[in-house]
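What follows is a single structure, written as structure tokens, with notes after it.
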Amino acid sequence: MATAMGPAAPTDACYMLIHPRLDVETPNLQTLKRNLERGTDDIKAEALQQVISGTLQGENHDQLLMHIIRFVMPTRNKTLKKLLLLYWEVCPKYEADGKLKQETILICNALLNDLQHPNEFIRGSTLRFLCKLREAELLEPLIGPTRECLSHRHAYVRKNAVEAVSSIYRTLPHLIPDGPELISGVLQTEADMTCRRNALIMLTLSAPALAVQWLKENAQLVSGFEELLQLAVIDLIRRTARDFASEKALFIRCIFELLNAAPSAVKYEAATTLVTLSSNPAAVKAAASCYITLATKESDNNVRIIVLERLDRLRMRHEGIIDDLVMDLLRVLTAPDLDVRRKVLGIVMKLTSQRNVNDVISMLKKELAKTVSDASDYDKNTDYRLL
């Protein structure tokens, strides 16, 4: 992407292009300087938004950097602080010769103060911003306070601290070489499920051996985890099943437990993962039963159709194994949506065999009888009978 300052380097960030409002005159540099220097918090916020939009579109606002540092950065206004984080993200931080600008030292000091701020929202927002920084010179002085935030009393700060450590370790591992061990300790002692989820995701991506070891130690507790952590466990199993083949029995046992979890998303992901781990008939039937349960209990017709399509693909991949579940599948016909019923009947016809044909015909006769006795929706019942 070309900018007003010339062709963009491959490492330059480009997040979006914002079309300028035609009904508002674009302020010049002098107006922006005046608003940033002497305006109220609302005027400064509007001016900073205009600077951010202009910077994203390639306009050169380098002359405003010191004005923003001097007159906006000392603010206690939370809206301005949020806008400042957006500005630090997009503003050019390097000179033409590739060296970091001297003004960034002041930015680093401001971030350091915010990481030690008594307000947990400001700390958390700053930690989330660190996930987007890629400059080692800026991040290095901030590593200490970031590590301290892992033990903050507020879970909002801790979960963002885990995200920050994870991001820094993935992009600049030399700044925090003990990152996986640090997060592994958090995972062992943390009580908040969101923090634990973030920690497990970090270990899954950066140190899968530590993540698998944690799962071995906590396999008996998986069924009692909250939804977010259960989904993270499934993601761990899906990503590491090939490299840790020796733990396949552990993985399958955990997935079988998660098939009985209460959240629908966990049941669906567990069933999908199970058939990738094993083609054993018992595993295939368990996954198919889980899909049928979801299609029966879910109220969203779109979800029902997605689950039924997944069941149909499972049927094609494992011919004859799930034929015994045809009567369970017919219970989904209680759904009022015609598309769902059509999908169910299409699968039922393919699952019907000599062993179950009489039961299927008996069930379909009952469904036809219902359409005759129920006169509340004649047109809909007529379409259903045609199916």
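Residue names in the structure tokens use chain letters A, B, ... in the order shown, residue numbers from 1 in each chain, and ligand numbers from 1 in the order shown.
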
What are the closest atom pairs, with distances in Å to one decimal, for all residues of region 154-235 of chain A lying within 8 Å of region 264-280 of chain A? Consider only C-alpha atoms, order rows by chain and residue number, and present the result as a tab-separated table.
```
residue	atom	partner	partner_atom	distance
A:Glu227	CA	A:Val266	CA	6.8
A:Gln230	CA	A:Val266	CA	6.8
A:Leu231	CA	A:Val266	CA	6.0
A:Ile234	CA	A:Ala270	CA	6.6
```

Write the residues of the selection above to a file with all heavy atoms, as a PDB file, in the first residue's frame.
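Saved result, out26.pdb, follows:
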```pdb
ATOM      1  N   GLU A 227     -17.434 -23.730  30.271  1.00  0.00           N
ATOM      2  CA  GLU A 227     -17.493 -23.928  28.816  1.00  0.00           C
ATOM      3  C   GLU A 227     -16.232 -23.468  28.098  1.00  0.00           C
ATOM      4  O   GLU A 227     -15.689 -24.186  27.245  1.00  0.00           O
ATOM      5  CB  GLU A 227     -18.712 -23.190  28.248  1.00  0.00           C
ATOM      6  CG  GLU A 227     -18.851 -23.314  26.735  1.00  0.00           C
ATOM      7  CD  GLU A 227     -20.053 -22.567  26.207  1.00  0.00           C
ATOM      8  OE1 GLU A 227     -20.810 -21.990  27.016  1.00  0.00           O
ATOM      9  OE2 GLU A 227     -20.240 -22.544  24.968  1.00  0.00           O
ATOM     10  N   GLN A 230     -13.383 -25.856  28.666  1.00  0.00           N
ATOM     11  CA  GLN A 230     -13.650 -27.129  27.984  1.00  0.00           C
ATOM     12  C   GLN A 230     -13.365 -27.011  26.488  1.00  0.00           C
ATOM     13  O   GLN A 230     -12.778 -27.920  25.882  1.00  0.00           O
ATOM     14  CB  GLN A 230     -15.091 -27.563  28.220  1.00  0.00           C
ATOM     15  CG  GLN A 230     -15.352 -28.056  29.639  1.00  0.00           C
ATOM     16  CD  GLN A 230     -16.795 -28.457  29.859  1.00  0.00           C
ATOM     17  OE1 GLN A 230     -17.706 -27.999  29.163  1.00  0.00           O
ATOM     18  NE2 GLN A 230     -17.031 -29.314  30.846  1.00  0.00           N
ATOM     19  N   LEU A 231     -13.747 -25.905  25.891  1.00  0.00           N
ATOM     20  CA  LEU A 231     -13.453 -25.697  24.466  1.00  0.00           C
ATOM     21  C   LEU A 231     -11.951 -25.598  24.227  1.00  0.00           C
ATOM     22  O   LEU A 231     -11.447 -26.080  23.204  1.00  0.00           O
ATOM     23  CB  LEU A 231     -14.153 -24.433  23.970  1.00  0.00           C
ATOM     24  CG  LEU A 231     -15.684 -24.520  23.842  1.00  0.00           C
ATOM     25  CD1 LEU A 231     -16.273 -23.142  23.531  1.00  0.00           C
ATOM     26  CD2 LEU A 231     -16.079 -25.506  22.747  1.00  0.00           C
ATOM     27  N   ILE A 234     -10.561 -29.105  24.192  1.00  0.00           N
ATOM     28  CA  ILE A 234     -10.831 -29.768  22.911  1.00  0.00           C
ATOM     29  C   ILE A 234      -9.867 -29.272  21.848  1.00  0.00           C
ATOM     30  O   ILE A 234      -9.335 -30.052  21.042  1.00  0.00           O
ATOM     31  CB  ILE A 234     -12.297 -29.522  22.485  1.00  0.00           C
ATOM     32  CG1 ILE A 234     -13.249 -30.203  23.465  1.00  0.00           C
ATOM     33  CG2 ILE A 234     -12.539 -30.039  21.070  1.00  0.00           C
ATOM     34  CD1 ILE A 234     -14.712 -29.875  23.237  1.00  0.00           C
TER      35      ILE A 234
END
```

| field | Spatial neighbours of region 300-317 of chain A, 8 Å, only C-alpha atoms, chain gap at least 3 places, as a PyMOL selection string | value | chain A and resi 268+284+288+291-292+294-296+320-322+337+339-340+343-344+347

Those residues you just picked out, can you put them in a file as a tab-separated table (two decimals), in the first residue's frame with N, CA and C atoms?
```tsv
chain	number	residue	atom	x	y	z
A	268	TYR	N	-20.87	-30.29	20.47
A	268	TYR	CA	-20.64	-30.33	19.03
A	268	TYR	C	-19.16	-30.48	18.71
A	284	VAL	N	-17.89	-43.70	16.72
A	284	VAL	CA	-18.74	-43.13	15.67
A	284	VAL	C	-20.18	-43.04	16.15
A	288	ALA	N	-22.45	-39.69	16.66
A	288	ALA	CA	-23.73	-39.57	15.97
A	288	ALA	C	-24.87	-39.33	16.96
A	291	TYR	N	-24.79	-35.72	17.98
A	291	TYR	CA	-25.37	-34.87	16.94
A	291	TYR	C	-26.90	-34.91	16.98
A	292	ILE	N	-27.45	-36.13	17.13
A	292	ILE	CA	-28.91	-36.27	17.14
A	292	ILE	C	-29.50	-35.56	18.35
A	294	LEU	N	-28.27	-32.95	19.86
A	294	LEU	CA	-28.22	-31.50	19.58
A	294	LEU	C	-29.34	-31.10	18.63
A	295	ALA	N	-29.56	-31.90	17.58
A	295	ALA	CA	-30.60	-31.56	16.61
A	295	ALA	C	-31.98	-31.63	17.25
A	296	THR	N	-32.15	-32.45	18.27
A	296	THR	CA	-33.44	-32.58	18.94
A	296	THR	C	-33.69	-31.43	19.91
A	320	GLY	N	-23.30	-47.88	7.38
A	320	GLY	CA	-23.88	-48.98	8.13
A	320	GLY	C	-23.69	-48.92	9.63
A	321	ILE	N	-22.80	-48.07	10.12
A	321	ILE	CA	-22.51	-48.08	11.56
A	321	ILE	C	-23.61	-47.40	12.37
A	322	ILE	N	-24.20	-46.34	11.83
A	322	ILE	CA	-25.19	-45.60	12.61
A	322	ILE	C	-26.64	-45.90	12.20
A	337	ASP	N	-39.88	-26.61	11.68
A	337	ASP	CA	-39.34	-26.07	10.43
A	337	ASP	C	-39.34	-27.15	9.33
A	339	ASP	N	-37.64	-27.24	6.46
A	339	ASP	CA	-36.31	-27.57	5.93
A	339	ASP	C	-35.61	-28.59	6.83
A	340	VAL	N	-35.79	-28.44	8.15
A	340	VAL	CA	-35.21	-29.40	9.08
A	340	VAL	C	-35.83	-30.78	8.87
A	343	LYS	N	-34.51	-32.41	5.73
A	343	LYS	CA	-33.15	-32.92	5.93
A	343	LYS	C	-33.17	-34.23	6.72
A	344	VAL	N	-34.02	-34.28	7.74
A	344	VAL	CA	-34.11	-35.49	8.56
A	344	VAL	C	-34.61	-36.66	7.72
A	347	ILE	N	-31.97	-38.11	5.40
A	347	ILE	CA	-30.99	-38.98	6.07
A	347	ILE	C	-31.63	-40.30	6.47
```

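Using only C-alpha atoms, the residues found no farther than 9 Å from Gln116 (chain A), other than those of its own chain fewer than 4 positions away, are Leu111, Leu112, Arg123, Pro145 and Cys149 of chain A.
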
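Residues within 10 Å of Val348 (chain A), counting only C-alpha atoms and excluding same-chain residues fewer than 4 positions away, are Asp312, Asp323, Leu325, Val326, Met327, Leu329, Leu330, Arg342, Lys343, Val344, Thr352, Ser353 and Val360 of chain A.
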
Dump all heavy atoms for the selected residues as a compact mmCIF listing (two decimals), in the first residue's frame?
```txt
# COMPACT_ATOMS: atom_id res chain seq x y z
N ASP A 312 -24.91 -36.33 8.35
CA ASP A 312 -24.99 -36.97 7.03
C ASP A 312 -23.59 -37.29 6.50
O ASP A 312 -23.36 -38.36 5.91
CB ASP A 312 -25.73 -36.05 6.06
CG ASP A 312 -26.22 -36.78 4.83
OD1 ASP A 312 -26.37 -38.02 4.88
OD2 ASP A 312 -26.43 -36.12 3.79
N ASP A 323 -26.85 -47.00 11.47
CA ASP A 323 -28.21 -47.36 11.05
C ASP A 323 -29.13 -47.58 12.25
O ASP A 323 -30.33 -47.31 12.18
CB ASP A 323 -28.19 -48.62 10.18
CG ASP A 323 -27.55 -48.37 8.81
OD1 ASP A 323 -27.17 -47.21 8.56
OD2 ASP A 323 -27.43 -49.33 8.02
N LEU A 325 -29.45 -45.97 14.82
CA LEU A 325 -29.89 -44.72 15.46
C LEU A 325 -31.01 -44.03 14.68
O LEU A 325 -31.38 -42.90 15.00
CB LEU A 325 -28.70 -43.75 15.57
CG LEU A 325 -27.51 -44.26 16.39
CD1 LEU A 325 -26.37 -43.25 16.34
CD2 LEU A 325 -27.91 -44.52 17.84
N VAL A 326 -31.57 -44.73 13.68
CA VAL A 326 -32.56 -44.08 12.82
C VAL A 326 -33.81 -43.67 13.60
O VAL A 326 -34.40 -42.61 13.34
CB VAL A 326 -32.92 -45.01 11.63
CG1 VAL A 326 -33.62 -46.27 12.10
CG2 VAL A 326 -33.77 -44.27 10.62
N MET A 327 -34.22 -44.48 14.59
CA MET A 327 -35.42 -44.13 15.36
C MET A 327 -35.17 -42.91 16.25
O MET A 327 -36.08 -42.08 16.44
CB MET A 327 -35.86 -45.33 16.21
CG MET A 327 -36.28 -46.55 15.40
SD MET A 327 -37.55 -46.16 14.16
CE MET A 327 -38.92 -45.70 15.21
N LEU A 329 -33.17 -40.52 15.41
CA LEU A 329 -33.16 -39.40 14.48
C LEU A 329 -34.58 -38.95 14.12
O LEU A 329 -34.83 -37.75 13.93
CB LEU A 329 -32.39 -39.79 13.21
CG LEU A 329 -32.28 -38.75 12.11
CD1 LEU A 329 -31.59 -37.48 12.64
CD2 LEU A 329 -31.51 -39.29 10.92
N LEU A 330 -35.51 -39.88 14.06
CA LEU A 330 -36.89 -39.52 13.70
C LEU A 330 -37.54 -38.61 14.74
O LEU A 330 -38.52 -37.93 14.45
CB LEU A 330 -37.72 -40.80 13.53
CG LEU A 330 -37.50 -41.53 12.19
CD1 LEU A 330 -38.15 -42.91 12.23
CD2 LEU A 330 -38.04 -40.71 11.03
N ARG A 342 -37.24 -31.93 6.17
CA ARG A 342 -36.78 -32.47 4.89
C ARG A 342 -35.39 -33.09 5.02
O ARG A 342 -35.13 -34.16 4.47
CB ARG A 342 -36.79 -31.35 3.84
CG ARG A 342 -36.38 -31.84 2.44
CD ARG A 342 -36.34 -30.70 1.43
NE ARG A 342 -37.68 -30.21 1.14
CZ ARG A 342 -38.17 -29.05 1.54
NH1 ARG A 342 -37.42 -28.22 2.27
NH2 ARG A 342 -39.40 -28.67 1.23
N LYS A 343 -34.51 -32.41 5.73
CA LYS A 343 -33.15 -32.92 5.93
C LYS A 343 -33.17 -34.23 6.72
O LYS A 343 -32.46 -35.19 6.38
CB LYS A 343 -32.32 -31.87 6.66
CG LYS A 343 -30.82 -32.18 6.72
CD LYS A 343 -30.18 -32.06 5.37
CE LYS A 343 -28.70 -32.33 5.41
NZ LYS A 343 -28.08 -32.31 4.09
N VAL A 344 -34.02 -34.28 7.74
CA VAL A 344 -34.11 -35.49 8.56
C VAL A 344 -34.61 -36.66 7.72
O VAL A 344 -34.03 -37.76 7.75
CB VAL A 344 -35.06 -35.25 9.76
CG1 VAL A 344 -35.36 -36.57 10.47
CG2 VAL A 344 -34.42 -34.27 10.74
N THR A 352 -32.31 -46.36 6.31
CA THR A 352 -33.31 -47.43 6.40
C THR A 352 -32.78 -48.71 5.76
O THR A 352 -32.25 -48.70 4.64
CB THR A 352 -34.61 -47.00 5.72
OG1 THR A 352 -35.07 -45.78 6.30
CG2 THR A 352 -35.69 -48.07 5.89
N SER A 353 -32.95 -49.81 6.49
CA SER A 353 -32.51 -51.13 6.00
C SER A 353 -33.59 -52.15 6.33
O SER A 353 -34.63 -51.83 6.92
CB SER A 353 -31.18 -51.52 6.65
OG SER A 353 -31.33 -51.63 8.06
N VAL A 360 -39.49 -47.76 10.93
CA VAL A 360 -39.50 -46.46 10.25
C VAL A 360 -40.87 -46.19 9.65
O VAL A 360 -41.43 -45.09 9.78
CB VAL A 360 -38.40 -46.41 9.17
CG1 VAL A 360 -38.56 -45.16 8.32
CG2 VAL A 360 -37.02 -46.45 9.80
```

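Excluding Leu86 (chain A) and any residue on its chain fewer than 4 positions from it, the residues at most 8 Å away by only C-alpha atoms are Ile52, Lys82 and Val90 of chain A.
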
Expected file: the selected residues, C-alpha atoms, as a PDB file, in the first residue's frame:
```pdb
ATOM      1  CA  ILE A  52      -5.936   8.419  13.929  1.00  0.00           C
ATOM      2  CA  LYS A  82      -8.357   4.437  24.983  1.00  0.00           C
ATOM      3  CA  VAL A  90      -0.844   3.235  14.304  1.00  0.00           C
TER       4      VAL A  90
END
```

| said: as an MDAnalysis selection string, please: the residues near Cys195 (chain A) (cut-off 12 Å, only C-alpha atoms, same-chain neighbours under 4 positions excluded). | reply: chainID A and resid 150:152 154:163 183:191 199:202 226 228:229 232

| query | Hey, what's within 9 Å of Ile68 (chain A) if we count only C-alpha atoms and toss same-chain stuff fewer than 4 positions away? As a ChimeraX atom specification, please? | reply | /A:33,36-37,48,64,72-73,84

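The interatomic distance for the pair CA of Trp214 (chain A) and CA of Leu127 (chain A) works out to 25.6 Å.
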